[in-house]
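As structure tokens, the structure follows; a few thoughts come after it.
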Amino acid sequence: MVETPNYDGPLPQCQGPKLKPFPHRKSKVDFIRLLSDSESTGGIESGGHAHVFEVSIEGETYALKVFKFFDDEEVRAGLNYTRADHSISIDLLHSHSDPFYNECRAFGQIIQAGQNGRVAVRCYGHLTLPAETEEDLDQRYKLAWDRPAEDCDKPMSQRQPFRAIVKELVIDDVPLSQKVVNKMVKDLKKMRALGVYPMDVCRRNYRAGLLVDMSLAMTEPHYLFGLRSKRHVDDMKREDLANVLQIAKDGGFTCRVRDDEFCSKIRAREGSF
Ligand SMILES: Nc1ncnc2c1ncn2[C@@H]1O[C@H](COP(=O)(O)OP(=O)(O)O)[C@@H](O)[C@H]1O
Ligand SMILES: [Mg+2]
């Protein structure tokens, strides 16, 4: 069982990059509308890792990404295929694979490097919402939250809170262009230099040319980078660029990546740049 962290402090509590709490986290959150047009299953929006809302806090509008509940055991079950995997503590595993913490670590590192709002959408910190919020949201939206069964048996006041991340709201999108593709590549290279690998580079995760989704991001130091072979890790680290290359290709744009080490594998796979 993972211990409940101090939600009023930087998260995650393991070593490495952390995200600070949102300054106005105790203020009332007004939910304006659902932004994520997620998958619908039988009338219930199942979504990806979270549901994203336009909200108003202290008169300012934001995008609030409210995370679904995360099951450590599922990740653990999928991990144990080498002996070394057994040495990973449940706390470290949780801090490096829970989509909420993945975002905390990635944005924490970007903020620390003075790149907030430059290489990805601006992030303002994390906050929690009391379990009671689910009742209010249920009245307006039919959303899946994957709350653990044992939690549902408890009285509302003792249930786990929702964890959320406050980001800049990006209303106006821009069409893909050569300029946008160039910026996407530049941003990914800058993030790579900071040890941040978003691992989910696709069109729907960009708004106005900025990456908004870090749910799957791997940020150094990451336990998996220490466990897998160099070749495997290099392959993982190249995935983002391979994906942006595909986006460019699909849109009829070119993708210039000059750093040989960065692109050699992809060049071999794709034929040329
Ligand atoms: N900052 C934002 N401003 C506007 N829309 C956003 C913002 N963040 C996310 N969205 C919308 O919500 C969708 C889901 O958000 P995302 O962070 O990708 O969640 P998930 O991890 O569940 O995929 C995005 O594809 C985008 O359409
Ligand atoms: Mg997404």
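Chain labels A, B, ... are given in the sequence in which chains occur in the structure tokens; within each chain residues are numbered consecutively from 1, and ligands are likewise numbered from 1 in the order shown.
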
Query raised in the report: Which residues, written as a PyMOL selection string, have at least one atom at most 8 Å from Ala131 (chain A), with only C-alpha atoms counted and residues fewer than 6 positions away on the same chain left out?
Result: chain A and resi 156-157+159-162

Export N, CA and C atoms of the chosen residues as a PDB file, in the first residue's frame?
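Writing done, so here's out23.pdb:
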```
ATOM      1  N   MET A 156     -17.943   9.072   2.501  1.00  0.00           N
ATOM      2  CA  MET A 156     -17.411  10.075   1.570  1.00  0.00           C
ATOM      3  C   MET A 156     -16.218  10.848   2.163  1.00  0.00           C
ATOM      4  N   SER A 157     -16.345  11.231   3.449  1.00  0.00           N
ATOM      5  CA  SER A 157     -15.316  12.077   4.077  1.00  0.00           C
ATOM      6  C   SER A 157     -13.968  11.358   4.202  1.00  0.00           C
ATOM      7  N   ARG A 159     -12.816   9.100   1.852  1.00  0.00           N
ATOM      8  CA  ARG A 159     -12.326   8.616   0.556  1.00  0.00           C
ATOM      9  C   ARG A 159     -11.155   9.472   0.055  1.00  0.00           C
ATOM     10  N   GLN A 160     -10.344   8.875  -0.807  1.00  0.00           N
ATOM     11  CA  GLN A 160      -9.190   9.601  -1.374  1.00  0.00           C
ATOM     12  C   GLN A 160      -9.655  10.829  -2.151  1.00  0.00           C
ATOM     13  N   PRO A 161      -8.905  11.912  -2.070  1.00  0.00           N
ATOM     14  CA  PRO A 161      -9.269  13.081  -2.880  1.00  0.00           C
ATOM     15  C   PRO A 161      -8.859  12.864  -4.341  1.00  0.00           C
ATOM     16  N   PHE A 162      -9.364  13.706  -5.219  1.00  0.00           N
ATOM     17  CA  PHE A 162      -8.891  13.712  -6.603  1.00  0.00           C
ATOM     18  C   PHE A 162      -7.606  14.531  -6.644  1.00  0.00           C
TER      19      PHE A 162
END
```

Report task. Please provide the set of residues having any atom within 10 Å of region 249-259 of chain A, restricted to only C-alpha atoms, with same-chain residues fewer than 6 positions apart removed, written as a PyMOL selection string. Result -> chain A and resi 176-182+184-186+189+241+243+267+273

May I have the selected residues written with N, CA and C atoms, as a PDB file, in the first residue's frame?
```
ATOM      1  N   LEU A 176      -1.686  22.664 -38.328  1.00  0.00           N
ATOM      2  CA  LEU A 176      -0.297  22.225 -38.457  1.00  0.00           C
ATOM      3  C   LEU A 176       0.343  22.940 -39.645  1.00  0.00           C
ATOM      4  N   SER A 177       1.553  23.416 -39.464  1.00  0.00           N
ATOM      5  CA  SER A 177       2.284  24.092 -40.543  1.00  0.00           C
ATOM      6  C   SER A 177       3.754  23.711 -40.382  1.00  0.00           C
ATOM      7  N   GLN A 178       4.562  24.111 -41.341  1.00  0.00           N
ATOM      8  CA  GLN A 178       5.995  23.812 -41.225  1.00  0.00           C
ATOM      9  C   GLN A 178       6.573  24.482 -39.972  1.00  0.00           C
ATOM     10  N   LYS A 179       6.067  25.706 -39.703  1.00  0.00           N
ATOM     11  CA  LYS A 179       6.559  26.443 -38.534  1.00  0.00           C
ATOM     12  C   LYS A 179       6.220  25.685 -37.245  1.00  0.00           C
ATOM     13  N   VAL A 180       4.988  25.166 -37.196  1.00  0.00           N
ATOM     14  CA  VAL A 180       4.552  24.435 -35.995  1.00  0.00           C
ATOM     15  C   VAL A 180       5.385  23.162 -35.835  1.00  0.00           C
ATOM     16  N   VAL A 181       5.604  22.442 -36.947  1.00  0.00           N
ATOM     17  CA  VAL A 181       6.404  21.211 -36.887  1.00  0.00           C
ATOM     18  C   VAL A 181       7.818  21.538 -36.386  1.00  0.00           C
ATOM     19  N   ASN A 182       8.403  22.606 -36.913  1.00  0.00           N
ATOM     20  CA  ASN A 182       9.762  22.983 -36.501  1.00  0.00           C
ATOM     21  C   ASN A 182       9.818  23.254 -34.998  1.00  0.00           C
ATOM     22  N   MET A 184       7.735  22.038 -32.743  1.00  0.00           N
ATOM     23  CA  MET A 184       7.534  20.775 -32.021  1.00  0.00           C
ATOM     24  C   MET A 184       8.866  20.035 -31.869  1.00  0.00           C
ATOM     25  N   VAL A 185       9.634  19.999 -32.947  1.00  0.00           N
ATOM     26  CA  VAL A 185      10.927  19.296 -32.910  1.00  0.00           C
ATOM     27  C   VAL A 185      11.880  20.013 -31.943  1.00  0.00           C
ATOM     28  N   LYS A 186      11.908  21.344 -32.056  1.00  0.00           N
ATOM     29  CA  LYS A 186      12.808  22.133 -31.200  1.00  0.00           C
ATOM     30  C   LYS A 186      12.473  21.910 -29.715  1.00  0.00           C
ATOM     31  N   LYS A 189      13.549  18.517 -28.478  1.00  0.00           N
ATOM     32  CA  LYS A 189      15.005  18.459 -28.274  1.00  0.00           C
ATOM     33  C   LYS A 189      15.391  19.166 -26.976  1.00  0.00           C
ATOM     34  N   LEU A 241      10.676  11.610 -31.098  1.00  0.00           N
ATOM     35  CA  LEU A 241      11.062  12.162 -32.382  1.00  0.00           C
ATOM     36  C   LEU A 241      10.477  11.357 -33.537  1.00  0.00           C
ATOM     37  N   ASN A 243       7.708   9.926 -33.528  1.00  0.00           N
ATOM     38  CA  ASN A 243       6.287  10.297 -33.621  1.00  0.00           C
ATOM     39  C   ASN A 243       6.092  11.672 -34.262  1.00  0.00           C
ATOM     40  N   ARG A 267      16.518   7.536 -38.860  1.00  0.00           N
ATOM     41  CA  ARG A 267      16.863   7.694 -40.272  1.00  0.00           C
ATOM     42  C   ARG A 267      16.959   6.309 -40.927  1.00  0.00           C
ATOM     43  N   PHE A 273      15.528  11.704 -44.155  1.00  0.00           N
ATOM     44  CA  PHE A 273      14.780  12.808 -43.533  1.00  0.00           C
ATOM     45  C   PHE A 273      14.385  13.826 -44.578  1.00  0.00           C
TER      46      PHE A 273
END
```

Query raised in the report: Once you count only C-alpha atoms and all ligand atoms, which residues end up within 10 Å of ligand 2, and could you hand them over as a PyMOL selection string?
Result: chain A and resi 36+38+47-52+200-206+211-216

Now that the selection is made, can you save its residues with N, CA and C atoms as a CSV table (one decimal), in the first residue's frame?
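As written to disk, again_35.csv reads:
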```csv
chain,number,residue,atom,x,y,z
A,36,SER,N,-11.9,17.7,-22.5
A,36,SER,CA,-11.4,16.5,-23.1
A,36,SER,C,-12.6,15.7,-23.7
A,38,SER,N,-13.3,12.7,-24.6
A,38,SER,CA,-12.8,11.4,-24.5
A,38,SER,C,-13.7,10.3,-25.0
A,47,GLY,N,-12.5,8.3,-21.0
A,47,GLY,CA,-11.3,9.2,-21.0
A,47,GLY,C,-10.0,8.4,-21.1
A,48,GLY,N,-8.9,9.1,-21.0
A,48,GLY,CA,-7.6,8.5,-21.0
A,48,GLY,C,-7.2,8.4,-19.5
A,49,HIS,N,-6.2,9.2,-19.1
A,49,HIS,CA,-5.7,9.1,-17.7
A,49,HIS,C,-6.5,10.1,-16.8
A,50,ALA,N,-7.3,10.9,-17.5
A,50,ALA,CA,-7.9,12.0,-16.7
A,50,ALA,C,-9.0,12.6,-17.5
A,51,HIS,N,-9.7,13.6,-16.8
A,51,HIS,CA,-10.7,14.4,-17.5
A,51,HIS,C,-10.2,15.9,-17.3
A,52,VAL,N,-10.3,16.6,-18.4
A,52,VAL,CA,-9.8,18.0,-18.4
A,52,VAL,C,-10.9,19.0,-18.5
A,200,ASP,N,4.3,10.4,-25.6
A,200,ASP,CA,2.9,10.3,-26.1
A,200,ASP,C,2.7,11.5,-27.1
A,201,VAL,N,3.7,11.6,-28.1
A,201,VAL,CA,3.6,12.7,-29.0
A,201,VAL,C,2.6,12.4,-30.1
A,202,CYS,N,1.5,13.0,-30.1
A,202,CYS,CA,0.5,12.8,-31.2
A,202,CYS,C,-0.3,14.1,-31.3
A,203,ARG,N,-1.0,14.3,-32.4
A,203,ARG,CA,-1.7,15.6,-32.7
A,203,ARG,C,-2.6,16.0,-31.5
A,204,ARG,N,-3.4,15.0,-31.0
A,204,ARG,CA,-4.4,15.4,-30.0
A,204,ARG,C,-3.8,16.0,-28.7
A,205,ASN,N,-2.5,15.7,-28.5
A,205,ASN,CA,-1.9,16.1,-27.3
A,205,ASN,C,-1.2,17.5,-27.5
A,206,TYR,N,-1.4,18.1,-28.6
A,206,TYR,CA,-0.9,19.5,-28.9
A,206,TYR,C,-2.0,20.4,-29.0
A,211,LEU,N,2.7,21.2,-26.4
A,211,LEU,CA,2.3,19.9,-25.9
A,211,LEU,C,1.6,20.1,-24.6
A,212,VAL,N,0.4,19.5,-24.4
A,212,VAL,CA,-0.4,19.7,-23.2
A,212,VAL,C,-0.3,18.5,-22.3
A,213,ASP,N,0.0,17.3,-22.8
A,213,ASP,CA,-0.1,16.0,-22.1
A,213,ASP,C,1.2,15.4,-21.7
A,214,MET,N,1.4,15.3,-20.4
A,214,MET,CA,2.7,14.6,-19.9
A,214,MET,C,2.3,13.4,-19.1
A,215,SER,N,1.2,12.8,-19.3
A,215,SER,CA,0.7,11.7,-18.5
A,215,SER,C,1.6,10.5,-18.6
A,216,LEU,N,2.3,10.3,-19.7
A,216,LEU,CA,3.1,9.1,-19.9
A,216,LEU,C,4.6,9.5,-19.9
```

Requested in this report: Compare A:Thr133, A:Ser89, A:Asn102, A:Thr128 by their minimum atom-to-atom distance to ligand 1, counting only C-alpha atoms and all ligand atoms, and give me the closest one.
Outcome: A:Asn102

Report task. Taking the chain letters and numbering used in this document, name the residues of region 26-154 of chain A that DSSP puts in strand (DSSP E or B), as a ChimeraX atom specification. Result -> /A:29-34,40-41,44-45,50-57,60-67,123-129,143

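By only C-alpha atoms, and with residues fewer than 6 positions from Asp91 (chain A) along its chain excluded, the set lying at most 10 Å from it is Met1, Val2, Glu3, Pro12, Gln13, Cys14 and Asp72 of chain A.
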
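Taking only C-alpha atoms and all ligand atoms into account, ligand 1 lies nearest to A:Pro99 out of the set A:Pro99, A:Pro130, A:Pro21, A:Pro155.
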
Query raised in the report: Of the candidates A:Ala149, A:Ile247, A:Leu169, A:Leu19, which shows the shortest atom-to-atom distance to ligand 1, using only C-alpha atoms and all ligand atoms?
Result: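 Looking at the shortest contact to ligand 1, the residue is A:Leu169.
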